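Trainee: Sharing a structure below in C-alpha cells format, with a few things to ask.
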Amino acid sequence: MTKSWSLFKAFSWPRFIRMNWIVAFELLILVVSNIWTAFQGDFTSYALFRQVSSLMFVMTFIGLVMLAVYNERTVTAPTYRLIPIHEWKFYVVNVAASLINLLYLWAIQLILYVLTLSVSFNHFPAQASGLVFGISHSDGLKNLTIFWTLMTVMGLLGILVAWSTISLVHYVTKSAGSFLPRFRQKFVNTIIYLVGVLITVRLVNILMGAIGYLSSRFFSTTELSSVWLGAGVMVAILIVETAINLGVLTKWGEPNSN
Amino acid sequence: MTAMLTIKNLKYSRNQRKILHDVQLTLDSGKIVGLLGENGAGKTTLMRLITGNAKGNGTITINGVHTPVQRKAHVSFTDHLNGFSTGQKINQIKHFYELVYPDFDGQRYQELATFLGLDGQQKLAALSKGTREKLIIALTLSRQVDLYLLDEPFSGIDSMSRKKIINSIIKWLPETATLVVSDHYVAEIAPILDEIVVIKDQTVLVHRATDDIRDATNMDIETYYEHLYEGGTDHD
C-alpha cells in the first residue's frame, strides 16, 4: 500500500513547480513594467507597492484555478487512480497537496507585499497609510490581527468549499454514466450544474457578506458572530460535499477511459 | 498451481450499454496469458475492472484479496500514462513510480530501460509510439507483484521493437507471476503464450491452453483464433 506522505510528495511536486512558474511570471511582469516606468522617469517605490498589491490577487486567482484543475485531473487520470491507497486518503491527500501549494503561493505574495511595503512605507500618501494599516487608530494592530485571521479562515474555507463543489459537480456528472443512457445523463447533468451554480452563488454571498461585515467593523471590537456563522455554514457545506464526494468516488467514480 | 486471478459473475455496463456480462475466469500463477478479441470487444475494460479502476458487479480476486484497493497492490498496470504532463521527463515519471509504489524495483527498471534503450532525459511529448510502449512495459514490469497486465503493447510498433518487447517480457517477468497481455494480432505473441482467453459477445468465449489448442485442433493459435470469429470451431 502507498503511504499518504509518499503520495503527498508525488502530488505536490508538479503543483509546486507550477506555483513557482506563477511567481516567476509575476516577478517578470514587475521587473519589465518597473524598468519601463523607470525608463520614463516615473518610478516610485509606492507605485511598485501598488503594483504588487494588485498583482497578488491576480496571481492568487491563477494559482487557485490551476490547482483546481490539478485536483480534478488527478482524480480523472487512470494513472493516479491505479495507486494502491484508500479512496478517502487519495481524496484528502489530493486536496491537501493543492492547499499546501496555495499557502506557499500566498506566503510568497505576503513576502513580496511586506518587502515592497517596507521599502515604500515612508513615501505613502497619508490617506493610504490609514487604509492599509489602520494603525492610527488606538486598537489598530489588534483589530488588524483579528481582521486578517478571519479573512484567512474565511478565504481558506471558501477555497475548500469551491474546490469540493467543483469536485461534486464533476464526480456526480461523471458517475451518471453508470446508471443512465446518454440522453438522460444530459438532463441530469444540467440539473446538477444548476445546483452547483446555486451553491456557488450562495457561497459568494456568504463570503461577500463576511468581507463587508469585517470591513465595516474593522475598527470595532463588537461581536463577530455573523462572520463565525458564515464560517460555520461553509464548514457544514464542506463536510456534506466531502462526504458525498467520497461516497461517489468509492462507489461509482471511475477515471477517464482511453 | 494456485489460482492467481479468479473472476466470478462479472458484469459491467456503461451508459446503460452492456459491455461485459457473466464473465467467469480463473488464471493460475506463473502463466503468460493472451487476452484476445477484436477492437471494442472489452479487453481493456476487463483489465480496468481487474485493477479496480472500472467498477462492475461481480467478484474479482487476486491472490486471495478482492477489494479494489487491495487488488491495486497486487497488480501492475500502466494505463497509457494518462495524467502526466507531456513536458515531464522519463526520469521524473520513474521517480513518481518509485514514490507511489513501494514495490517498485529501481534496479530492475534501470536494467529494463537500458535493454529497451530508454533515455531518462527524454520528455514524454518527444516519445514515439514505440518508445512510449517500451516505457510502459519498463514501468509495469519494474513493480514486484503477482499479476502484470499489458494492454496492446504492440499496436503501431515496428517488428524490431516488438521483438525487443517480447524479449524483455521473457527476461524480466518473475517466474511465479502471471502476465495477461491483450492484443488483436496473435502471430507475434503466440510463441510465448501459455494460454489464451478470447473475449467475444461481451463475455469470455474461450479459455484454453495453447498446447492443448495445437494438439487438439492441429492449428496454430492465429488460425484457431481466426476460426473462432468465422464460427468454424466448436467452442466446447
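Residue numbers start at 1 in each chain; chains themselves are named A, B, ... in the order of the C-alpha cells; ligands are numbered from 1 in the order shown.
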For a quick test of understanding: name the residues of chain A lying within 10 Å of chain B when counting only C-alpha atoms, and present them as a VMD selection string.

Mentor: chain A and resid 1 to 11 13 to 14 70 73 to 87 175 to 185 250 to 258

Trainee: Quick one: residues within 12 Å of Leu64 (chain A), only C-alpha atoms counted, chain neighbours fewer than 2 positions away excluded, as a ChimeraX atom specification?

Mentor: /A:15,18-19,22,56-62,66-71,95,98-106,155-156,158-160,162-163

Trainee: Which of these residues is nearest to Thr26 (chain B), using only C-alpha atoms: B:Val204, B:Leu139, B:Ile213, B:Leu127?

Mentor: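 Using only C-alpha atoms, the shortest distance to Thr26 (chain B) belongs to B:Val204.
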
Trainee: Write out as JSON, numbers by chain which residues come within 7 Å of Leu173 (chain B) when counting only C-alpha atoms, dropping same-chain ones fewer than 4 positions away.

Mentor: {"B": [141, 169, 177]}

Trainee: List the spatial neighbours of Gln202 (chain B) as a PyMOL selection string - criterion: any atom at most 7 Å away, only C-alpha atoms, same-chain residues fewer than 4 positions off excluded.

Mentor: chain B and resi 19-21+41-42

Trainee: Might you pull out every residue within 8 Å of Leu246 (chain A), with only C-alpha atoms counted and same-chain residues fewer than 3 positions away left off, and present them as an MDAnalysis selection string?

Mentor: chainID A and resid 87:88 91 242:243 249:250

Trainee: What does the file look like for those residues with C-alpha atoms, as a PDB file, in the first residue's frame?

Mentor:
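Below is the file part_18.pdb, written as the result:
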```pdb
ATOM      1  CA  GLU A  87     -10.130   6.447  -1.906  1.00  0.00           C
ATOM      2  CA  TRP A  88     -10.656   8.739   1.089  1.00  0.00           C
ATOM      3  CA  TYR A  91      -9.069  12.476  -1.931  1.00  0.00           C
ATOM      4  CA  THR A 242     -16.828  15.896   1.056  1.00  0.00           C
ATOM      5  CA  ALA A 243     -18.982  13.007   2.323  1.00  0.00           C
ATOM      6  CA  LEU A 249     -15.737   8.307  -5.709  1.00  0.00           C
ATOM      7  CA  THR A 250     -15.687   4.992  -3.873  1.00  0.00           C
TER       8      THR A 250
END
```

Trainee: Residues of region 6-212 of chain B classed as strand (DSSP E) by DSSP on the backbone are to be reported as a PDB file with N, CA and C atoms, in the first residue's frame.

Mentor:
```pdb
ATOM      1  N   THR B   6      -9.156 -14.853  -9.964  1.00  0.00           N
ATOM      2  CA  THR B   6     -10.466 -15.502 -10.102  1.00  0.00           C
ATOM      3  C   THR B   6     -11.530 -14.438 -10.331  1.00  0.00           C
ATOM      4  N   ILE B   7     -12.270 -14.623 -11.395  1.00  0.00           N
ATOM      5  CA  ILE B   7     -13.372 -13.689 -11.694  1.00  0.00           C
ATOM      6  C   ILE B   7     -14.664 -14.486 -11.731  1.00  0.00           C
ATOM      7  N   LYS B   8     -15.646 -14.006 -10.959  1.00  0.00           N
ATOM      8  CA  LYS B   8     -16.933 -14.716 -10.925  1.00  0.00           C
ATOM      9  C   LYS B   8     -18.076 -13.751 -11.202  1.00  0.00           C
ATOM     10  N   ASN B   9     -18.947 -14.167 -12.080  1.00  0.00           N
ATOM     11  CA  ASN B   9     -20.199 -13.448 -12.388  1.00  0.00           C
ATOM     12  C   ASN B   9     -19.980 -11.952 -12.621  1.00  0.00           C
ATOM     13  N   LEU B  10     -18.974 -11.629 -13.361  1.00  0.00           N
ATOM     14  CA  LEU B  10     -18.659 -10.212 -13.569  1.00  0.00           C
ATOM     15  C   LEU B  10     -19.499  -9.630 -14.694  1.00  0.00           C
ATOM     16  N   LYS B  11     -20.099  -8.492 -14.410  1.00  0.00           N
ATOM     17  CA  LYS B  11     -20.800  -7.765 -15.481  1.00  0.00           C
ATOM     18  C   LYS B  11     -20.516  -6.273 -15.353  1.00  0.00           C
ATOM     19  N   TYR B  12     -20.561  -5.612 -16.485  1.00  0.00           N
ATOM     20  CA  TYR B  12     -20.238  -4.192 -16.495  1.00  0.00           C
ATOM     21  C   TYR B  12     -21.001  -3.495 -17.613  1.00  0.00           C
ATOM     22  N   SER B  13     -21.666  -2.403 -17.251  1.00  0.00           N
ATOM     23  CA  SER B  13     -22.400  -1.607 -18.246  1.00  0.00           C
ATOM     24  C   SER B  13     -21.954  -0.155 -18.147  1.00  0.00           C
ATOM     25  N   ARG B  14     -22.065   0.531 -19.246  1.00  0.00           N
ATOM     26  CA  ARG B  14     -21.768   1.965 -19.265  1.00  0.00           C
ATOM     27  C   ARG B  14     -22.810   2.633 -20.136  1.00  0.00           C
ATOM     28  N   ARG B  17     -25.369   0.544 -21.569  1.00  0.00           N
ATOM     29  CA  ARG B  17     -24.986  -0.366 -22.648  1.00  0.00           C
ATOM     30  C   ARG B  17     -24.135  -1.465 -22.040  1.00  0.00           C
ATOM     31  N   LYS B  18     -24.575  -2.701 -22.272  1.00  0.00           N
ATOM     32  CA  LYS B  18     -23.853  -3.828 -21.693  1.00  0.00           C
ATOM     33  C   LYS B  18     -22.495  -3.979 -22.396  1.00  0.00           C
ATOM     34  N   ILE B  19     -21.418  -4.010 -21.620  1.00  0.00           N
ATOM     35  CA  ILE B  19     -20.085  -4.165 -22.220  1.00  0.00           C
ATOM     36  C   ILE B  19     -19.525  -5.553 -21.930  1.00  0.00           C
ATOM     37  N   LEU B  20     -19.695  -6.008 -20.708  1.00  0.00           N
ATOM     38  CA  LEU B  20     -19.303  -7.381 -20.352  1.00  0.00           C
ATOM     39  C   LEU B  20     -20.396  -7.993 -19.492  1.00  0.00           C
ATOM     40  N   HIS B  21     -20.621  -9.288 -19.648  1.00  0.00           N
ATOM     41  CA  HIS B  21     -21.601  -9.950 -18.785  1.00  0.00           C
ATOM     42  C   HIS B  21     -21.184 -11.393 -18.524  1.00  0.00           C
ATOM     43  N   ASP B  22     -21.548 -11.848 -17.359  1.00  0.00           N
ATOM     44  CA  ASP B  22     -21.342 -13.249 -16.988  1.00  0.00           C
ATOM     45  C   ASP B  22     -19.899 -13.717 -17.259  1.00  0.00           C
ATOM     46  N   VAL B  23     -18.947 -12.913 -16.859  1.00  0.00           N
ATOM     47  CA  VAL B  23     -17.541 -13.295 -17.078  1.00  0.00           C
ATOM     48  C   VAL B  23     -17.082 -14.198 -15.927  1.00  0.00           C
ATOM     49  N   GLN B  24     -16.626 -15.394 -16.287  1.00  0.00           N
ATOM     50  CA  GLN B  24     -16.063 -16.338 -15.308  1.00  0.00           C
ATOM     51  C   GLN B  24     -14.658 -16.675 -15.813  1.00  0.00           C
ATOM     52  N   LEU B  25     -13.686 -16.517 -14.946  1.00  0.00           N
ATOM     53  CA  LEU B  25     -12.314 -16.775 -15.397  1.00  0.00           C
ATOM     54  C   LEU B  25     -11.415 -17.085 -14.212  1.00  0.00           C
ATOM     55  N   THR B  26     -10.584 -18.092 -14.372  1.00  0.00           N
ATOM     56  CA  THR B  26      -9.579 -18.400 -13.350  1.00  0.00           C
ATOM     57  C   THR B  26      -8.226 -18.568 -14.045  1.00  0.00           C
ATOM     58  N   LEU B  27      -7.244 -17.794 -13.583  1.00  0.00           N
ATOM     59  CA  LEU B  27      -5.892 -17.912 -14.133  1.00  0.00           C
ATOM     60  C   LEU B  27      -4.937 -18.377 -13.043  1.00  0.00           C
ATOM     61  N   ASP B  28      -4.078 -19.316 -13.400  1.00  0.00           N
ATOM     62  CA  ASP B  28      -3.101 -19.827 -12.431  1.00  0.00           C
ATOM     63  C   ASP B  28      -1.853 -18.956 -12.404  1.00  0.00           C
ATOM     64  N   ILE B  32       1.688 -17.037 -18.842  1.00  0.00           N
ATOM     65  CA  ILE B  32       1.565 -15.882 -19.744  1.00  0.00           C
ATOM     66  C   ILE B  32       0.308 -16.116 -20.566  1.00  0.00           C
ATOM     67  N   VAL B  33      -0.631 -15.209 -20.388  1.00  0.00           N
ATOM     68  CA  VAL B  33      -1.959 -15.411 -20.968  1.00  0.00           C
ATOM     69  C   VAL B  33      -2.248 -14.331 -22.016  1.00  0.00           C
ATOM     70  N   GLY B  34      -2.676 -14.725 -23.170  1.00  0.00           N
ATOM     71  CA  GLY B  34      -3.068 -13.775 -24.215  1.00  0.00           C
ATOM     72  C   GLY B  34      -4.546 -13.476 -24.097  1.00  0.00           C
ATOM     73  N   LEU B  35      -4.866 -12.194 -23.917  1.00  0.00           N
ATOM     74  CA  LEU B  35      -6.269 -11.785 -23.862  1.00  0.00           C
ATOM     75  C   LEU B  35      -6.620 -11.261 -25.251  1.00  0.00           C
ATOM     76  N   LEU B  36      -7.397 -12.044 -25.969  1.00  0.00           N
ATOM     77  CA  LEU B  36      -7.637 -11.743 -27.385  1.00  0.00           C
ATOM     78  C   LEU B  36      -9.089 -11.344 -27.640  1.00  0.00           C
ATOM     79  N   ASN B  57     -20.077  -5.240 -11.456  1.00  0.00           N
ATOM     80  CA  ASN B  57     -20.696  -6.119 -10.462  1.00  0.00           C
ATOM     81  C   ASN B  57     -20.123  -7.515 -10.619  1.00  0.00           C
ATOM     82  N   GLY B  58     -19.860  -8.143  -9.493  1.00  0.00           N
ATOM     83  CA  GLY B  58     -19.267  -9.475  -9.525  1.00  0.00           C
ATOM     84  C   GLY B  58     -18.074  -9.518  -8.581  1.00  0.00           C
ATOM     85  N   THR B  59     -17.371 -10.644  -8.583  1.00  0.00           N
ATOM     86  CA  THR B  59     -16.241 -10.801  -7.668  1.00  0.00           C
ATOM     87  C   THR B  59     -14.951 -10.974  -8.461  1.00  0.00           C
ATOM     88  N   ILE B  60     -13.963 -10.183  -8.099  1.00  0.00           N
ATOM     89  CA  ILE B  60     -12.627 -10.341  -8.690  1.00  0.00           C
ATOM     90  C   ILE B  60     -11.645 -10.540  -7.540  1.00  0.00           C
ATOM     91  N   THR B  61     -10.929 -11.634  -7.573  1.00  0.00           N
ATOM     92  CA  THR B  61      -9.974 -11.936  -6.503  1.00  0.00           C
ATOM     93  C   THR B  61      -8.590 -12.135  -7.096  1.00  0.00           C
ATOM     94  N   ILE B  62      -7.609 -11.434  -6.531  1.00  0.00           N
ATOM     95  CA  ILE B  62      -6.216 -11.634  -6.950  1.00  0.00           C
ATOM     96  C   ILE B  62      -5.439 -12.131  -5.737  1.00  0.00           C
ATOM     97  N   VAL B  75      -1.494  -5.891  -8.466  1.00  0.00           N
ATOM     98  CA  VAL B  75      -1.495  -5.913  -9.928  1.00  0.00           C
ATOM     99  C   VAL B  75      -0.748  -4.693 -10.483  1.00  0.00           C
ATOM    100  N   SER B  76       0.039  -4.934 -11.508  1.00  0.00           N
ATOM    101  CA  SER B  76       0.776  -3.843 -12.136  1.00  0.00           C
ATOM    102  C   SER B  76       0.208  -3.578 -13.525  1.00  0.00           C
ATOM    103  N   PHE B  77      -0.249  -2.360 -13.721  1.00  0.00           N
ATOM    104  CA  PHE B  77      -0.876  -1.971 -14.987  1.00  0.00           C
ATOM    105  C   PHE B  77      -0.580  -0.499 -15.211  1.00  0.00           C
ATOM    106  N   LEU B 147       0.531 -10.098 -10.442  1.00  0.00           N
ATOM    107  CA  LEU B 147      -0.157 -10.090 -11.737  1.00  0.00           C
ATOM    108  C   LEU B 147       0.235  -8.843 -12.543  1.00  0.00           C
ATOM    109  N   TYR B 148       0.635  -9.059 -13.785  1.00  0.00           N
ATOM    110  CA  TYR B 148       1.003  -7.950 -14.674  1.00  0.00           C
ATOM    111  C   TYR B 148       0.016  -7.904 -15.830  1.00  0.00           C
ATOM    112  N   LEU B 149      -0.415  -6.705 -16.154  1.00  0.00           N
ATOM    113  CA  LEU B 149      -1.334  -6.538 -17.276  1.00  0.00           C
ATOM    114  C   LEU B 149      -0.702  -5.608 -18.311  1.00  0.00           C
ATOM    115  N   LEU B 150      -0.647  -6.060 -19.542  1.00  0.00           N
ATOM    116  CA  LEU B 150      -0.150  -5.206 -20.639  1.00  0.00           C
ATOM    117  C   LEU B 150      -1.253  -5.087 -21.684  1.00  0.00           C
ATOM    118  N   ASP B 151      -1.669  -3.851 -21.930  1.00  0.00           N
ATOM    119  CA  ASP B 151      -2.786  -3.626 -22.840  1.00  0.00           C
ATOM    120  C   ASP B 151      -2.270  -3.240 -24.228  1.00  0.00           C
ATOM    121  N   THR B 178       1.954 -13.942 -12.985  1.00  0.00           N
ATOM    122  CA  THR B 178       1.124 -14.168 -14.174  1.00  0.00           C
ATOM    123  C   THR B 178       1.092 -12.884 -15.007  1.00  0.00           C
ATOM    124  N   LEU B 179       1.190 -13.037 -16.303  1.00  0.00           N
ATOM    125  CA  LEU B 179       1.110 -11.885 -17.200  1.00  0.00           C
ATOM    126  C   LEU B 179      -0.086 -12.061 -18.120  1.00  0.00           C
ATOM    127  N   VAL B 180      -0.908 -11.037 -18.169  1.00  0.00           N
ATOM    128  CA  VAL B 180      -2.001 -11.031 -19.146  1.00  0.00           C
ATOM    129  C   VAL B 180      -1.676  -9.955 -20.171  1.00  0.00           C
ATOM    130  N   VAL B 181      -1.567 -10.360 -21.425  1.00  0.00           N
ATOM    131  CA  VAL B 181      -1.229  -9.401 -22.472  1.00  0.00           C
ATOM    132  C   VAL B 181      -2.336  -9.410 -23.521  1.00  0.00           C
ATOM    133  N   SER B 182      -2.917  -8.228 -23.715  1.00  0.00           N
ATOM    134  CA  SER B 182      -4.047  -8.176 -24.655  1.00  0.00           C
ATOM    135  C   SER B 182      -3.552  -7.748 -26.040  1.00  0.00           C
ATOM    136  N   ASP B 183      -4.220  -8.258 -27.039  1.00  0.00           N
ATOM    137  CA  ASP B 183      -3.883  -7.861 -28.407  1.00  0.00           C
ATOM    138  C   ASP B 183      -4.947  -8.398 -29.349  1.00  0.00           C
ATOM    139  N   GLU B 195      -1.543 -19.687 -22.370  1.00  0.00           N
ATOM    140  CA  GLU B 195      -2.999 -19.837 -22.505  1.00  0.00           C
ATOM    141  C   GLU B 195      -3.546 -18.658 -23.295  1.00  0.00           C
ATOM    142  N   ILE B 196      -4.716 -18.840 -23.848  1.00  0.00           N
ATOM    143  CA  ILE B 196      -5.406 -17.683 -24.432  1.00  0.00           C
ATOM    144  C   ILE B 196      -6.813 -17.570 -23.825  1.00  0.00           C
ATOM    145  N   VAL B 197      -7.233 -16.324 -23.710  1.00  0.00           N
ATOM    146  CA  VAL B 197      -8.612 -16.027 -23.301  1.00  0.00           C
ATOM    147  C   VAL B 197      -9.191 -15.167 -24.413  1.00  0.00           C
ATOM    148  N   VAL B 198     -10.289 -15.625 -24.997  1.00  0.00           N
ATOM    149  CA  VAL B 198     -10.897 -14.864 -26.090  1.00  0.00           C
ATOM    150  C   VAL B 198     -12.193 -14.229 -25.606  1.00  0.00           C
ATOM    151  N   ILE B 199     -12.265 -12.923 -25.808  1.00  0.00           N
ATOM    152  CA  ILE B 199     -13.489 -12.189 -25.455  1.00  0.00           C
ATOM    153  C   ILE B 199     -14.311 -12.016 -26.718  1.00  0.00           C
ATOM    154  N   LYS B 200     -15.526 -12.492 -26.659  1.00  0.00           N
ATOM    155  CA  LYS B 200     -16.432 -12.305 -27.802  1.00  0.00           C
ATOM    156  C   LYS B 200     -17.866 -12.267 -27.277  1.00  0.00           C
ATOM    157  N   THR B 203     -18.397 -11.508 -23.444  1.00  0.00           N
ATOM    158  CA  THR B 203     -18.045 -12.432 -22.362  1.00  0.00           C
ATOM    159  C   THR B 203     -16.816 -13.267 -22.757  1.00  0.00           C
ATOM    160  N   VAL B 204     -16.361 -14.104 -21.831  1.00  0.00           N
ATOM    161  CA  VAL B 204     -15.223 -14.976 -22.156  1.00  0.00           C
ATOM    162  C   VAL B 204     -15.742 -16.154 -22.971  1.00  0.00           C
ATOM    163  N   LEU B 205     -15.321 -16.204 -24.214  1.00  0.00           N
ATOM    164  CA  LEU B 205     -15.800 -17.272 -25.100  1.00  0.00           C
ATOM    165  C   LEU B 205     -14.929 -18.512 -24.953  1.00  0.00           C
ATOM    166  N   VAL B 206     -13.636 -18.301 -24.884  1.00  0.00           N
ATOM    167  CA  VAL B 206     -12.699 -19.422 -24.796  1.00  0.00           C
ATOM    168  C   VAL B 206     -11.597 -19.113 -23.800  1.00  0.00           C
ATOM    169  N   HIS B 207     -11.275 -20.084 -22.966  1.00  0.00           N
ATOM    170  CA  HIS B 207     -10.076 -20.002 -22.134  1.00  0.00           C
ATOM    171  C   HIS B 207      -9.399 -21.364 -22.235  1.00  0.00           C
ATOM    172  N   ARG B 208      -8.275 -21.385 -22.907  1.00  0.00           N
ATOM    173  CA  ARG B 208      -7.688 -22.685 -23.225  1.00  0.00           C
ATOM    174  C   ARG B 208      -6.168 -22.586 -23.285  1.00  0.00           C
ATOM    175  N   ALA B 209      -5.497 -23.679 -22.939  1.00  0.00           N
ATOM    176  CA  ALA B 209      -4.033 -23.715 -23.031  1.00  0.00           C
ATOM    177  C   ALA B 209      -3.616 -23.779 -24.489  1.00  0.00           C
TER     178      ALA B 209
END
```

Trainee: If you measure from CA of Thr173 (chain A) to CA of Val188 (chain A), what distance in Å do you get, rounded to one decimal?

Mentor: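 Those two atoms sit 7.7 Å apart.
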
Trainee: For a quick check of understanding, using only C-alpha atoms, which of B:Thr223, B:Gln121, B:Thr210, B:Thr176 has the smallest distance to Gly30 (chain B)?

Mentor: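 Checking each of B:Thr223, B:Gln121, B:Thr210, B:Thr176 against Gly30 (chain B), counting only C-alpha atoms, the winner is B:Thr176.
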
Trainee: Please measure the separation of CA of Ile50 (chain B) and CA of Ser12 (chain A), giving the value in Å to one decimal.

Mentor: 28.5 Å

Trainee: Can you measure CA of Lys43 (chain B) to CA of Thr140 (chain B) for me? One decimal in Å is fine.

Mentor: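 These atoms are spaced 17.7 Å apart.
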
Trainee: Fewer than 2 positions away in the same chain doesn't count, so skip those; otherwise give me all residues within 9 Å of Leu30 (chain A), counting only C-alpha atoms, as a short mmCIF file (atom, residue, chain, number, x, y, z; two decimals) with N, CA, C and O atoms, in the first residue's frame.

Mentor:
```cif
data_model
loop_
_atom_site.label_atom_id
_atom_site.label_comp_id
_atom_site.auth_asym_id
_atom_site.auth_seq_id
_atom_site.Cartn_x
_atom_site.Cartn_y
_atom_site.Cartn_z
N PHE A 25 6.61 34.34 -13.28
CA PHE A 25 5.87 35.18 -14.23
C PHE A 25 5.54 36.54 -13.60
O PHE A 25 5.69 37.59 -14.24
N GLU A 26 5.13 36.50 -12.35
CA GLU A 26 4.79 37.72 -11.62
C GLU A 26 6.02 38.63 -11.50
O GLU A 26 5.94 39.85 -11.75
N LEU A 27 7.14 38.03 -11.13
CA LEU A 27 8.38 38.81 -10.98
C LEU A 27 8.80 39.41 -12.32
O LEU A 27 9.25 40.55 -12.38
N LEU A 28 8.61 38.63 -13.36
CA LEU A 28 8.96 39.11 -14.70
C LEU A 28 8.12 40.34 -15.06
O LEU A 28 8.64 41.34 -15.55
N VAL A 32 9.83 43.96 -15.69
CA VAL A 32 9.68 44.61 -17.00
C VAL A 32 8.92 45.93 -16.88
O VAL A 32 9.36 46.98 -17.39
N SER A 33 7.80 45.89 -16.15
CA SER A 33 6.98 47.12 -16.07
C SER A 33 7.72 48.22 -15.29
O SER A 33 7.61 49.40 -15.63
N ASN A 34 8.51 47.84 -14.27
CA ASN A 34 9.21 48.87 -13.49
C ASN A 34 10.43 49.41 -14.22
O ASN A 34 10.77 50.58 -14.05
N ILE A 35 11.04 48.55 -15.02
CA ILE A 35 12.15 49.07 -15.86
C ILE A 35 11.59 50.11 -16.84
O ILE A 35 12.14 51.17 -17.04
N LEU A 48 5.42 50.79 -7.03
CA LEU A 48 5.81 49.38 -7.03
C LEU A 48 4.92 48.59 -6.04
O LEU A 48 4.42 47.51 -6.36
N GLN A 51 1.53 48.09 -7.42
CA GLN A 51 1.56 47.05 -8.47
C GLN A 51 1.53 45.66 -7.83
O GLN A 51 0.78 44.79 -8.25
N VAL A 52 2.38 45.49 -6.81
CA VAL A 52 2.43 44.19 -6.12
C VAL A 52 1.08 43.89 -5.49
O VAL A 52 0.57 42.76 -5.58
N LEU A 55 -1.27 42.85 -8.31
CA LEU A 55 -0.85 41.61 -8.98
C LEU A 55 -1.07 40.38 -8.09
O LEU A 55 -1.37 39.30 -8.58
#
```
